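Data from protein33.cif: mmCIF, C-alpha atoms
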```cif
data_final
loop_
_atom_site.label_atom_id
_atom_site.label_comp_id
_atom_site.auth_asym_id
_atom_site.auth_seq_id
_atom_site.Cartn_x
_atom_site.Cartn_y
_atom_site.Cartn_z
CA MET A 24 27.95 -52.09 -21.72
CA PRO A 25 30.89 -54.49 -22.29
CA LYS A 26 34.22 -52.76 -21.64
CA ARG A 27 35.33 -52.63 -25.28
CA ASN A 28 31.94 -51.25 -26.35
CA LEU A 29 32.17 -48.61 -23.66
CA ALA A 30 35.63 -47.65 -24.93
CA ARG A 31 34.16 -47.21 -28.43
CA PHE A 32 31.29 -45.12 -27.04
CA ILE A 33 33.43 -42.77 -24.94
CA ASN A 34 35.95 -42.36 -27.76
CA CYS A 35 33.21 -40.87 -29.96
CA LEU A 36 32.13 -38.17 -27.51
CA SER A 37 34.91 -35.65 -28.14
CA GLY A 38 33.86 -35.29 -31.78
CA PHE A 39 36.05 -35.54 -34.88
CA LYS A 40 39.72 -36.04 -34.17
CA SER A 41 42.96 -35.35 -35.98
CA ALA A 42 44.75 -38.28 -37.65
CA ASN A 43 48.52 -37.99 -37.40
CA LEU A 44 51.49 -40.31 -37.63
CA ILE A 45 54.28 -39.75 -35.10
CA GLY A 46 57.72 -40.59 -36.50
CA THR A 47 60.60 -41.36 -34.14
CA GLN A 48 63.84 -43.31 -34.01
CA ASN A 49 65.97 -44.78 -31.28
CA LYS A 50 69.66 -44.03 -30.61
CA ALA A 51 70.64 -46.82 -33.02
CA GLY A 52 68.57 -45.20 -35.77
CA ASN A 53 65.77 -47.80 -35.83
CA THR A 54 62.58 -46.04 -36.89
CA ASN A 55 59.11 -46.19 -35.38
CA LEU A 56 55.81 -44.89 -36.69
CA ALA A 57 52.52 -44.75 -34.79
CA ILE A 58 49.09 -43.27 -35.46
CA PHE A 59 47.62 -40.89 -32.87
CA SER A 60 44.21 -39.24 -32.77
CA SER A 61 45.08 -36.95 -29.87
CA VAL A 62 47.36 -34.30 -31.39
CA VAL A 63 46.03 -30.94 -30.21
CA HIS A 64 46.98 -27.33 -30.94
CA LEU A 65 48.27 -25.59 -27.81
CA GLY A 66 49.30 -22.17 -29.10
CA ALA A 67 50.77 -20.29 -32.03
CA SER A 68 53.38 -18.12 -30.32
CA PRO A 69 55.40 -20.03 -29.26
CA ALA A 70 54.21 -22.72 -31.70
CA LEU A 71 53.32 -25.52 -29.29
CA ILE A 72 51.63 -28.82 -30.05
CA GLY A 73 50.26 -31.36 -27.59
CA LEU A 74 49.82 -35.11 -27.75
CA ILE A 75 47.98 -37.34 -25.28
CA MET A 76 49.84 -40.61 -24.80
CA ARG A 77 48.81 -43.79 -23.05
CA PRO A 78 51.85 -45.87 -22.05
CA ASP A 79 50.62 -49.08 -23.66
CA ASN A 80 52.83 -51.47 -25.59
CA ASN A 81 52.52 -49.64 -28.86
CA ALA A 82 53.00 -46.11 -27.62
CA ARG A 83 55.93 -47.12 -25.41
CA HIS A 84 58.32 -47.34 -28.35
CA THR A 85 57.29 -43.86 -29.45
CA LEU A 86 57.67 -42.50 -25.94
CA ASN A 87 61.09 -44.08 -25.38
CA ASN A 88 62.35 -42.66 -28.67
CA ILE A 89 61.00 -39.17 -27.91
CA LYS A 90 62.72 -39.24 -24.52
CA ALA A 91 65.99 -40.49 -26.06
CA ASN A 92 66.22 -37.97 -28.94
CA GLN A 93 63.95 -35.14 -27.74
CA GLN A 94 62.65 -34.87 -31.30
CA TYR A 95 59.78 -36.33 -33.28
CA THR A 96 57.82 -35.67 -36.44
CA ILE A 97 54.07 -35.22 -36.85
CA ASN A 98 52.67 -36.18 -40.25
CA GLN A 99 49.07 -35.50 -41.30
CA VAL A 100 47.34 -38.59 -42.69
CA SER A 101 45.85 -38.21 -46.18
CA GLU A 102 43.24 -40.31 -47.93
CA SER A 103 45.85 -42.05 -50.12
CA PHE A 104 47.52 -43.83 -47.18
CA TYR A 105 45.00 -43.88 -44.32
CA ARG A 106 44.86 -47.69 -44.35
CA SER A 107 48.63 -47.98 -43.91
CA ALA A 108 48.41 -45.32 -41.20
CA HIS A 109 45.80 -47.36 -39.30
CA GLN A 110 47.96 -50.50 -39.58
CA THR A 111 50.81 -48.78 -37.68
CA ALA A 112 48.68 -49.37 -34.56
CA ALA A 113 49.38 -53.11 -34.78
CA ASN A 114 51.60 -54.45 -32.03
CA TYR A 115 54.83 -54.97 -33.98
CA ALA A 116 58.01 -56.01 -32.20
CA GLU A 117 60.45 -53.27 -31.24
CA ASN A 118 62.93 -54.28 -33.96
CA GLU A 119 60.25 -54.18 -36.70
CA SER A 120 59.76 -50.75 -38.27
CA GLU A 121 56.17 -49.80 -39.02
CA PHE A 122 57.48 -48.02 -42.12
CA GLU A 123 58.53 -51.34 -43.70
CA GLN A 124 55.54 -53.24 -42.39
CA THR A 125 53.02 -50.77 -43.84
CA ASN A 126 54.82 -49.71 -47.04
CA LEU A 127 55.27 -46.11 -45.99
CA THR A 128 58.63 -44.50 -46.71
CA THR A 129 60.93 -42.31 -44.65
CA SER A 130 62.41 -38.94 -45.50
CA TYR A 131 64.83 -36.86 -43.48
CA ILE A 132 66.00 -33.29 -43.17
CA GLU A 133 69.14 -31.93 -41.57
CA ASP A 134 69.05 -31.31 -37.80
CA VAL A 135 66.03 -33.55 -37.19
CA LYS A 136 66.75 -36.94 -35.60
CA ALA A 137 63.41 -38.45 -36.57
CA PRO A 138 61.91 -39.75 -39.81
CA PHE A 139 59.18 -37.94 -41.72
CA VAL A 140 56.55 -39.86 -43.68
CA ASN A 141 57.41 -39.20 -47.29
CA GLU A 142 53.77 -39.72 -48.36
CA SER A 143 52.44 -37.06 -45.95
CA ARG A 144 51.59 -33.74 -47.59
CA LEU A 145 51.84 -31.65 -44.39
CA LYS A 146 54.37 -32.59 -41.72
CA TYR A 147 56.59 -30.95 -39.16
CA ALA A 148 59.39 -31.56 -36.74
CA VAL A 149 58.85 -31.05 -33.02
CA GLN A 150 61.29 -30.48 -30.15
CA LEU A 151 60.17 -31.97 -26.83
CA LYS A 152 59.48 -29.32 -24.17
CA GLU A 153 57.76 -31.15 -21.34
CA ILE A 154 55.97 -34.37 -20.41
CA VAL A 155 53.05 -33.60 -18.11
CA PRO A 156 51.67 -36.62 -16.21
CA ILE A 157 47.87 -36.97 -16.09
CA THR A 158 47.60 -38.89 -12.86
CA HIS A 159 43.86 -39.66 -13.09
CA ASN A 160 44.35 -42.33 -15.73
CA ASN A 161 48.09 -42.78 -16.05
CA THR A 162 48.39 -40.94 -19.36
CA MET A 163 50.63 -38.02 -20.35
CA LEU A 164 50.42 -34.76 -22.21
CA ILE A 165 53.55 -34.51 -24.38
CA ILE A 166 54.28 -30.85 -25.14
CA GLY A 167 56.56 -29.93 -28.02
CA GLU A 168 57.62 -26.88 -30.01
CA ILE A 169 57.31 -26.92 -33.80
CA THR A 170 60.71 -26.29 -35.40
CA HIS A 171 60.35 -27.11 -39.13
CA VAL A 172 57.23 -27.31 -41.33
CA ILE A 173 57.06 -29.10 -44.69
CA CYS A 174 53.86 -28.40 -46.62
CA GLU A 175 52.76 -28.45 -50.25
CA GLU A 176 52.82 -24.81 -51.26
CA MET A 177 49.54 -24.90 -53.19
CA ALA A 178 47.62 -25.38 -49.92
CA ILE A 179 49.01 -22.29 -48.17
CA LYS A 180 46.66 -19.32 -48.56
CA GLU A 181 47.48 -15.61 -48.72
CA ASP A 182 46.17 -15.09 -45.17
CA GLY A 183 48.43 -17.79 -43.72
CA SER A 184 45.81 -20.51 -43.36
CA ILE A 185 46.39 -23.95 -44.86
CA ASP A 186 43.66 -25.66 -46.85
CA ILE A 187 44.09 -29.12 -45.31
CA GLU A 188 41.00 -30.33 -47.13
CA ALA A 189 42.81 -29.67 -50.43
CA LEU A 190 45.58 -31.94 -49.10
CA ASN A 191 42.99 -34.71 -48.59
CA THR A 192 43.81 -34.82 -44.89
CA VAL A 193 41.45 -37.26 -43.18
CA THR A 194 39.71 -37.01 -39.83
CA LEU A 195 38.98 -39.80 -37.36
CA SER A 196 35.97 -40.56 -35.22
CA GLY A 197 36.03 -43.07 -32.42
CA LEU A 198 38.68 -45.76 -32.60
CA ASP A 199 38.44 -46.80 -36.22
CA SER A 200 36.35 -44.58 -38.49
CA TYR A 201 38.10 -42.48 -41.16
CA HIS A 202 36.47 -39.60 -43.01
CA THR A 203 37.21 -37.10 -45.74
CA THR A 204 35.68 -33.64 -45.47
CA GLN A 205 33.58 -31.17 -47.43
CA ARG A 206 33.97 -27.50 -46.50
CA LEU A 207 30.79 -25.69 -45.46
CA SER A 208 32.37 -22.28 -45.14
CA ARG A 209 35.08 -20.17 -43.62
CA LEU A 210 33.56 -17.61 -41.25
CA THR A 211 34.95 -14.18 -40.38
CA HIS A 212 36.20 -13.36 -36.89
CA ALA A 213 33.08 -13.23 -34.67
CA ASP A 214 32.05 -9.70 -33.64
CA PRO A 215 29.27 -9.04 -31.11
CA SER A 216 27.85 -6.20 -33.22
CA LEU A 217 27.84 -8.04 -36.56
CA PRO A 218 26.02 -11.09 -37.93
CA VAL A 219 28.00 -14.19 -38.88
CA GLN A 220 29.65 -13.70 -42.26
CA ASP A 221 31.39 -15.95 -44.75
CA ILE A 222 34.91 -15.31 -45.90
CA ASN A 223 33.97 -15.30 -49.55
CA ASP A 224 37.30 -14.89 -51.24
CA SER A 225 40.91 -14.08 -50.61
CA HIS A 226 40.04 -10.35 -50.54
CA ASP A 227 37.76 -10.87 -47.52
CA ALA A 228 40.41 -12.99 -45.84
CA VAL A 229 42.99 -10.25 -46.33
CA LYS A 230 40.59 -7.65 -44.90
CA ASP A 231 39.98 -9.91 -41.92
CA ALA A 232 43.72 -10.45 -41.54
CA ALA A 233 44.13 -6.67 -41.26
CA ARG A 234 41.90 -6.50 -38.18
CA MET B 21 54.63 -13.76 -41.68
CA PRO B 22 52.36 -11.19 -39.92
CA LYS B 23 51.36 -12.37 -36.46
CA ARG B 24 47.70 -13.07 -37.30
CA ASN B 25 48.69 -15.00 -40.43
CA LEU B 26 51.15 -17.05 -38.42
CA ALA B 27 48.38 -17.86 -35.92
CA ARG B 28 46.22 -19.09 -38.82
CA PHE B 29 49.10 -21.17 -40.18
CA ILE B 30 50.03 -22.85 -36.88
CA ASN B 31 46.36 -23.51 -36.05
CA CYS B 32 46.08 -25.68 -39.19
CA LEU B 33 49.00 -27.96 -38.38
CA SER B 34 47.31 -30.25 -35.87
CA GLY B 35 44.78 -31.41 -38.50
CA PHE B 36 41.01 -31.51 -38.21
CA LYS B 37 39.65 -30.49 -34.83
CA SER B 38 36.52 -31.16 -32.83
CA ALA B 39 33.86 -28.42 -32.70
CA ASN B 40 32.15 -28.25 -29.32
CA LEU B 41 30.16 -25.71 -27.33
CA ILE B 42 30.93 -25.49 -23.62
CA GLY B 43 27.88 -24.56 -21.55
CA THR B 44 28.32 -23.06 -18.10
CA GLN B 45 26.55 -20.79 -15.64
CA ASN B 46 27.63 -18.61 -12.76
CA LYS B 47 26.37 -18.80 -9.16
CA ALA B 48 23.49 -16.45 -10.05
CA GLY B 49 22.40 -18.79 -12.86
CA ASN B 50 23.50 -16.55 -15.74
CA THR B 51 24.45 -18.80 -18.65
CA ASN B 52 27.50 -18.73 -20.88
CA LEU B 53 28.25 -20.62 -24.08
CA ALA B 54 31.58 -20.73 -25.91
CA ILE B 55 32.94 -22.67 -28.87
CA PHE B 56 36.16 -24.66 -28.40
CA SER B 57 38.19 -26.62 -30.93
CA SER B 58 40.45 -28.22 -28.33
CA VAL B 59 38.26 -30.84 -26.64
CA VAL B 60 40.29 -34.04 -26.56
CA HIS B 61 39.57 -37.61 -25.44
CA LEU B 62 41.74 -38.59 -22.46
CA GLY B 63 40.47 -42.04 -21.60
CA ALA B 64 37.42 -44.29 -21.43
CA SER B 65 37.75 -45.80 -17.96
CA PRO B 66 37.39 -43.53 -16.09
CA ALA B 67 35.67 -41.48 -18.81
CA LEU B 68 37.89 -38.39 -18.90
CA ILE B 69 37.76 -35.50 -21.33
CA GLY B 70 40.30 -32.70 -21.75
CA LEU B 71 39.98 -29.10 -22.91
CA ILE B 72 42.80 -26.68 -23.67
CA MET B 73 41.90 -23.19 -22.47
CA ARG B 74 43.58 -19.89 -23.08
CA PRO B 75 42.64 -17.33 -20.39
CA ASP B 76 41.56 -14.62 -22.84
CA ASN B 77 38.52 -12.41 -22.40
CA ASN B 78 36.11 -14.85 -23.91
CA ALA B 79 37.29 -18.02 -22.20
CA ARG B 80 37.53 -16.29 -18.83
CA HIS B 81 33.76 -16.37 -18.30
CA THR B 82 33.74 -20.09 -19.05
CA LEU B 83 36.68 -20.72 -16.76
CA ASN B 84 35.21 -18.71 -13.88
CA ASN B 85 31.92 -20.59 -14.15
CA ILE B 86 33.64 -23.98 -14.26
CA LYS B 87 35.62 -23.08 -11.16
CA ALA B 88 32.48 -21.81 -9.38
CA ASN B 89 30.20 -24.79 -10.14
CA GLN B 90 32.70 -27.57 -10.92
CA GLN B 91 30.36 -28.63 -13.72
CA TYR B 92 30.00 -27.89 -17.41
CA THR B 93 28.40 -29.35 -20.51
CA ILE B 94 30.05 -30.26 -23.81
CA ASN B 95 27.78 -30.12 -26.85
CA GLN B 96 28.82 -31.35 -30.31
CA VAL B 97 28.20 -28.78 -33.04
CA SER B 98 26.06 -29.97 -35.97
CA GLU B 99 25.72 -28.53 -39.43
CA SER B 100 22.33 -26.96 -38.64
CA PHE B 101 23.77 -24.49 -36.10
CA TYR B 102 27.47 -24.18 -36.84
CA ARG B 103 27.10 -20.48 -37.70
CA SER B 104 25.51 -19.71 -34.32
CA ALA B 105 28.19 -21.81 -32.67
CA HIS B 106 30.92 -19.73 -34.33
CA GLN B 107 29.25 -16.50 -33.23
CA THR B 108 29.58 -17.53 -29.55
CA ALA B 109 33.26 -16.58 -29.92
CA ALA B 110 32.29 -12.88 -30.13
CA ASN B 111 33.36 -10.84 -27.16
CA TYR B 112 29.96 -10.35 -25.46
CA ALA B 113 29.73 -8.65 -22.06
CA GLU B 114 29.57 -10.89 -19.00
CA ASN B 115 25.86 -10.16 -18.46
CA GLU B 116 24.94 -11.06 -22.06
CA SER B 117 24.24 -14.75 -22.61
CA GLU B 118 25.57 -16.20 -25.85
CA PHE B 119 22.44 -18.38 -25.92
CA GLU B 120 20.20 -15.35 -26.43
CA GLN B 121 22.66 -13.55 -28.69
CA THR B 122 22.99 -16.49 -31.07
CA ASN B 123 19.46 -17.94 -30.93
CA LEU B 124 20.50 -21.20 -29.35
CA THR B 125 18.32 -22.57 -26.55
CA THR B 126 19.12 -24.09 -23.18
CA SER B 127 17.99 -27.35 -21.71
CA TYR B 128 18.66 -28.76 -18.26
CA ILE B 129 18.72 -32.06 -16.44
CA GLU B 130 18.62 -32.75 -12.74
CA ASP B 131 21.92 -32.66 -10.82
CA VAL B 132 23.75 -30.67 -13.51
CA LYS B 133 24.36 -27.00 -12.76
CA ALA B 134 25.11 -26.07 -16.35
CA PRO B 135 22.98 -25.56 -19.47
CA PHE B 136 22.97 -27.97 -22.39
CA VAL B 137 22.47 -26.75 -25.96
CA ASN B 138 19.03 -27.98 -26.89
CA GLU B 139 19.96 -28.07 -30.59
CA SER B 140 22.96 -30.34 -30.04
CA ARG B 141 22.37 -33.99 -30.95
CA LEU B 142 25.17 -35.41 -28.76
CA LYS B 143 26.03 -33.72 -25.48
CA TYR B 144 27.25 -34.60 -22.02
CA ALA B 145 27.78 -33.25 -18.55
CA VAL B 146 31.27 -33.09 -17.07
CA GLN B 147 32.50 -32.85 -13.49
CA LEU B 148 35.73 -30.89 -13.08
CA LYS B 149 38.63 -33.06 -11.85
CA GLU B 150 41.73 -30.91 -12.26
CA ILE B 151 43.11 -27.79 -13.92
CA VAL B 152 46.66 -28.42 -15.11
CA PRO B 153 48.64 -25.28 -15.93
CA ILE B 154 50.70 -25.32 -19.13
CA THR B 155 53.38 -22.86 -18.15
CA HIS B 156 55.05 -22.55 -21.57
CA ASN B 157 52.26 -20.40 -22.98
CA ASN B 158 49.99 -19.62 -20.04
CA THR B 159 47.23 -22.01 -21.06
CA MET B 160 45.54 -24.79 -19.11
CA LEU B 161 44.40 -28.35 -19.59
CA ILE B 162 40.98 -28.68 -17.96
CA ILE B 163 40.36 -32.32 -17.03
CA GLY B 164 36.81 -33.49 -16.33
CA GLU B 165 34.90 -36.73 -15.86
CA ILE B 166 31.85 -37.45 -17.99
CA THR B 167 28.80 -38.01 -15.78
CA HIS B 168 25.73 -37.95 -18.08
CA VAL B 169 25.45 -38.49 -21.86
CA ILE B 170 22.48 -37.39 -24.00
CA CYS B 171 22.57 -38.79 -27.53
CA GLU B 172 20.05 -39.53 -30.27
CA GLU B 173 19.58 -43.27 -30.04
CA MET B 174 19.61 -43.91 -33.79
CA ALA B 175 23.32 -43.02 -33.90
CA ILE B 176 24.43 -45.55 -31.28
CA LYS B 177 25.63 -48.79 -32.90
CA GLU B 178 25.47 -52.33 -31.58
CA ASP B 179 29.21 -52.33 -30.86
CA GLY B 180 28.98 -49.18 -28.72
CA SER B 181 30.36 -46.73 -31.28
CA ILE B 182 28.42 -43.59 -32.18
CA ASP B 183 27.98 -42.59 -35.81
CA ILE B 184 28.68 -38.88 -35.32
CA GLU B 185 28.60 -38.36 -39.09
CA ALA B 186 24.94 -39.44 -39.04
CA LEU B 187 24.39 -36.67 -36.45
CA ASN B 188 25.85 -34.14 -38.92
CA THR B 189 28.56 -33.26 -36.42
CA VAL B 190 30.99 -30.81 -38.04
CA THR B 191 34.75 -30.61 -37.82
CA LEU B 192 36.93 -27.50 -37.74
CA SER B 193 40.22 -26.67 -39.39
CA GLY B 194 42.31 -23.69 -38.43
CA LEU B 195 40.50 -20.80 -36.79
CA ASP B 196 37.44 -20.50 -38.96
CA SER B 197 36.82 -23.31 -41.44
CA TYR B 198 33.88 -25.68 -40.87
CA HIS B 199 33.45 -29.02 -42.64
CA THR B 200 31.02 -31.90 -42.89
CA THR B 201 32.42 -35.39 -43.40
CA GLN B 202 32.10 -38.38 -45.68
CA ARG B 203 33.09 -41.75 -44.20
CA LEU B 204 35.81 -43.66 -46.06
CA SER B 205 35.62 -46.76 -43.90
CA ARG B 206 35.75 -48.25 -40.45
CA LEU B 207 38.81 -50.47 -40.10
CA THR B 208 39.19 -53.51 -37.85
CA HIS B 209 41.59 -53.49 -34.90
CA ALA B 210 45.10 -53.55 -36.42
CA ASP B 211 46.87 -56.91 -36.11
CA PRO B 212 50.55 -57.39 -37.10
CA SER B 213 49.78 -60.72 -38.80
CA LEU B 214 46.76 -59.55 -40.82
CA PRO B 215 46.22 -57.03 -43.62
CA VAL B 216 44.05 -53.95 -43.01
CA GLN B 217 40.37 -54.90 -43.19
CA ASP B 218 37.13 -52.97 -43.37
CA ILE B 219 34.39 -53.42 -40.81
CA ASN B 220 31.77 -54.21 -43.43
CA ASP B 221 28.67 -54.57 -41.37
CA SER B 222 27.40 -54.88 -37.83
CA HIS B 223 28.33 -58.59 -37.87
CA ASP B 224 32.02 -57.76 -38.40
CA ALA B 225 31.83 -55.10 -35.73
CA VAL B 226 30.37 -57.59 -33.28
CA LYS B 227 33.13 -60.09 -34.10
CA ASP B 228 35.71 -57.38 -33.55
CA ALA B 229 34.01 -56.42 -30.30
CA ALA B 230 34.42 -60.01 -29.12
CA ARG B 231 38.23 -59.79 -29.40
#
```
Could you render the structure as structure tokens?
Amino acid sequence: MPKRNLARFINCLSGFKSANLIGTQNKAGNTNLAIFSSVVHLGASPALIGLIMRPDNNARHTLNNIKANQQYTINQVSESFYRSAHQTAANYAENESEFEQTNLTTSYIEDVKAPFVNESRLKYAVQLKEIVPITHNNTMLIIGEITHVICEEMAIKEDGSIDIEALNTVTLSGLDSYHTTQRLSRLTHADPSLPVQDINDSHDAVKDAAR
Amino acid sequence: MPKRNLARFINCLSGFKSANLIGTQNKAGNTNLAIFSSVVHLGASPALIGLIMRPDNNARHTLNNIKANQQYTINQVSESFYRSAHQTAANYAENESEFEQTNLTTSYIEDVKAPFVNESRLKYAVQLKEIVPITHNNTMLIIGEITHVICEEMAIKEDGSIDIEALNTVTLSGLDSYHTTQRLSRLTHADPSLPVQDINDSHDAVKDAAR
């Protein structure tokens, strides 16, 4: 298989991926925005989030800014701006902001030295904790702690879960395929002595939460 | 927020997640199967795949088997068996196989000391490369190299990509919500001097592959 085809093939094996924009800025306040498909949940307590980063041209600006300010934002990509989100992967010069180039807009909150994506319906600020080198292929696992969450209230359920499908959050497969979702079901906590059950309504979810 | 609600909340922040079953066996040949939402692409060349593992009761059997045999399988979860896949998370005893308990069936290939999920339409064998401890929350990044891929041929496109939506692969959000997908588009490689473009057909994809 040609090398680029092989890259497409291997990129599909992990399954559906998250689509997130990482917002950063340098010491001079110049903003950067880059799409990543490798944001991964690490744990809820403490609230840690991981990000696999390849030190290529495009990611280098993001990495330098994270190292400089120790803060970054993660912004879920919704259907309404997934095309702009994809375009942030283009190899813009360091002094060109992907926000301007892709018609996405910044928003800020106090204490966070990184721009949020105004258009994102679920976003959060992250404090850098550690950069773990993955020596086998010269990539890194960036570990951060979630410090501030901004989410549309309508999507937050009584049991704490967030209906990210209601926010039109998209999912990625491979290098370039974007998808919306259709919920099959929420399933109750698996128990060896019980069959699989649906969480039918908020009452069930609250019962399950009480476990 | 109560602790379990907070866990649900934080688990939704990373966005849509992959749904995969990890197949392993111990030295005596007893099989284990466990669902994970944290399989992440690390790189195509070499073909590396990551897995975040929390050493709780359920994952411990998987971890012990991976350490013992240095091999495991990763099996994408499709719509037809997502409920069985979820049930593998139940806390079965070490001598109970999740295959039997959930009515999934094993299949094997030569040279791989781990069971595949027969029902899975895209699956692969992985050779353990490294276990990286994540000290902040006592989890681990398991790094493996993909050695054998088994995939329904109809889903493999001319440009190397795999149409995992055509395989009815599901995606997960939070702890318990399963979703099918609906493709919005495939987009061409982002270029700073060009607007975002759809890959309309295999011809476009081949052109893009030639870049």
As JSON, what would the box around range 95-104 of chain B look like: edges along x, y and z, 3 Å added on every side, centre and edge lengths in Å to one decimal?
```
{"center_x": 25.6, "center_y": -25.5, "center_z": -33.1, "size_x": 12.5, "size_y": 17.6, "size_z": 18.6}
```
Between A:Asp214, A:Glu168, A:Asp221, A:Glu142, which is the closest to chain B once you count only C-alpha atoms?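 Looking at the shortest contact to chain B, the residue is A:Asp214.
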Quick one: residues within 6 Å of range 121-134 of chain B, only C-alpha atoms, excluding same-chain residues fewer than 3 positions away - as a VMD selection string? chain B and resid 44 to 45 92 104 118 137 to 138
Counting all atoms listed in the file, which residues in chain A sit no more than 7 Å from chain B? For each one, give the nearest pair of atoms and the distance in Å, sorted by chain then residue number, as a tab-separated table.
```
residue	atom	partner	partner_atom	distance
A:Arg27	CA	B:Ala229	CA	6.4
A:Asn28	CA	B:Gly180	CA	4.3
A:Leu29	CA	B:Gly180	CA	6.0
A:Ala30	CA	B:Ala64	CA	5.2
A:Arg31	CA	B:Ser181	CA	4.8
A:Phe32	CA	B:Ser181	CA	4.6
A:Ile33	CA	B:Ala64	CA	5.5
A:Asn34	CA	B:His61	CA	6.4
A:Cys35	CA	B:Ile182	CA	5.9
A:Ser37	CA	B:His61	CA	5.7
A:Gly38	CA	B:Ser38	CA	5.0
A:Phe39	CA	B:Ser38	CA	4.9
A:Lys40	CA	B:Lys37	CA	5.6
A:Ser41	CA	B:Phe36	CA	4.8
A:Ala42	CA	B:Gly35	CA	6.9
A:Ser61	CA	B:Val60	CA	6.5
A:Val62	CA	B:Ser34	CA	6.0
A:Val63	CA	B:Ser34	CA	5.8
A:His64	CA	B:Ser34	CA	5.7
A:Leu65	CA	B:Ile72	CA	6.9
A:Ala67	CA	B:Ala27	CA	5.2
A:Ala70	CA	B:Ile30	CA	6.7
A:Ile75	CA	B:Leu62	CA	7.0
A:Gln99	CA	B:Gly35	CA	6.6
A:Arg106	CA	B:Val216	CA	6.5
A:His109	CA	B:Ala210	CA	6.9
A:Gln110	CA	B:Ala210	CA	5.2
A:Ala112	CA	B:Ala210	CA	5.8
A:Ala113	CA	B:Ala210	CA	4.6
A:Asn114	CA	B:Pro212	CA	6.0
A:Tyr115	CA	B:Pro212	CA	5.8
A:Asp182	CA	B:Asn25	CA	5.4
A:Gly183	CA	B:Asn25	CA	4.3
A:Ser184	CA	B:Phe29	CA	4.6
A:Ile185	CA	B:Cys32	CA	5.9
A:Thr194	CA	B:Phe36	CA	5.9
A:Gly197	CA	B:Ser181	CA	6.8
A:Asp199	CA	B:Arg206	CA	5.2
A:Ser200	CA	B:Arg206	CA	4.2
A:Tyr201	CA	B:Leu204	CA	5.5
A:His202	CA	B:Arg203	CA	4.2
A:Thr203	CA	B:Gln202	CA	5.3
A:Thr204	CA	B:Thr201	CA	4.2
A:Gln205	CA	B:His199	CA	5.3
A:Arg206	CA	B:His199	CA	4.2
A:Leu207	CA	B:His199	CA	5.1
A:Ser208	CA	B:Tyr198	CA	5.7
A:Arg209	CA	B:Ser197	CA	4.2
A:Leu210	CA	B:Asp196	CA	5.4
A:Thr211	CA	B:Asp196	CA	6.9
A:Ala213	CA	B:Ala110	CA	4.6
A:Asp214	CA	B:Ala110	CA	4.7
A:Pro215	CA	B:Ala110	CA	5.0
A:Val219	CA	B:Gln107	CA	6.2
A:Ala232	CA	B:Arg24	CA	6.4
```
Selection from above, C-alpha atoms, as a compact mmCIF listing (two decimals), in the frame of the given file, can you write it?
```txt
# COMPACT_ATOMS: atom_id res chain seq x y z
CA ARG A 27 35.33 -52.63 -25.28
CA ASN A 28 31.94 -51.25 -26.35
CA LEU A 29 32.17 -48.61 -23.66
CA ALA A 30 35.63 -47.65 -24.93
CA ARG A 31 34.16 -47.21 -28.43
CA PHE A 32 31.29 -45.12 -27.04
CA ILE A 33 33.43 -42.77 -24.94
CA ASN A 34 35.95 -42.36 -27.76
CA CYS A 35 33.21 -40.87 -29.96
CA SER A 37 34.91 -35.65 -28.14
CA GLY A 38 33.86 -35.29 -31.78
CA PHE A 39 36.05 -35.54 -34.88
CA LYS A 40 39.72 -36.04 -34.17
CA SER A 41 42.96 -35.35 -35.98
CA ALA A 42 44.75 -38.28 -37.65
CA SER A 61 45.08 -36.95 -29.87
CA VAL A 62 47.36 -34.30 -31.39
CA VAL A 63 46.03 -30.94 -30.21
CA HIS A 64 46.98 -27.33 -30.94
CA LEU A 65 48.27 -25.59 -27.81
CA ALA A 67 50.77 -20.29 -32.03
CA ALA A 70 54.21 -22.72 -31.70
CA ILE A 75 47.98 -37.34 -25.28
CA GLN A 99 49.07 -35.50 -41.30
CA ARG A 106 44.86 -47.69 -44.35
CA HIS A 109 45.80 -47.36 -39.30
CA GLN A 110 47.96 -50.50 -39.58
CA ALA A 112 48.68 -49.37 -34.56
CA ALA A 113 49.38 -53.11 -34.78
CA ASN A 114 51.60 -54.45 -32.03
CA TYR A 115 54.83 -54.97 -33.98
CA ASP A 182 46.17 -15.09 -45.17
CA GLY A 183 48.43 -17.79 -43.72
CA SER A 184 45.81 -20.51 -43.36
CA ILE A 185 46.39 -23.95 -44.86
CA THR A 194 39.71 -37.01 -39.83
CA GLY A 197 36.03 -43.07 -32.42
CA ASP A 199 38.44 -46.80 -36.22
CA SER A 200 36.35 -44.58 -38.49
CA TYR A 201 38.10 -42.48 -41.16
CA HIS A 202 36.47 -39.60 -43.01
CA THR A 203 37.21 -37.10 -45.74
CA THR A 204 35.68 -33.64 -45.47
CA GLN A 205 33.58 -31.17 -47.43
CA ARG A 206 33.97 -27.50 -46.50
CA LEU A 207 30.79 -25.69 -45.46
CA SER A 208 32.37 -22.28 -45.14
CA ARG A 209 35.08 -20.17 -43.62
CA LEU A 210 33.56 -17.61 -41.25
CA THR A 211 34.95 -14.18 -40.38
CA ALA A 213 33.08 -13.23 -34.67
CA ASP A 214 32.05 -9.70 -33.64
CA PRO A 215 29.27 -9.04 -31.11
CA VAL A 219 28.00 -14.19 -38.88
CA ALA A 232 43.72 -10.45 -41.54
```
Find the residue from A:Pro138, A:Gln94, A:Ile89, A:Pro78 that sits nearest to Gly46 in chain A; use only C-alpha atoms when measuring.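 Once distances to Gly46 in chain A are computed over only C-alpha atoms, the minimum belongs to A:Pro138.
CA of Asn49 in chain A lies 27.7 Å from CA of Ser103 in chain A.
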Please measure the separation of CA of Leu41 in chain B and CA of Leu53 in chain B, giving the value in Å to one decimal. 6.3 Å
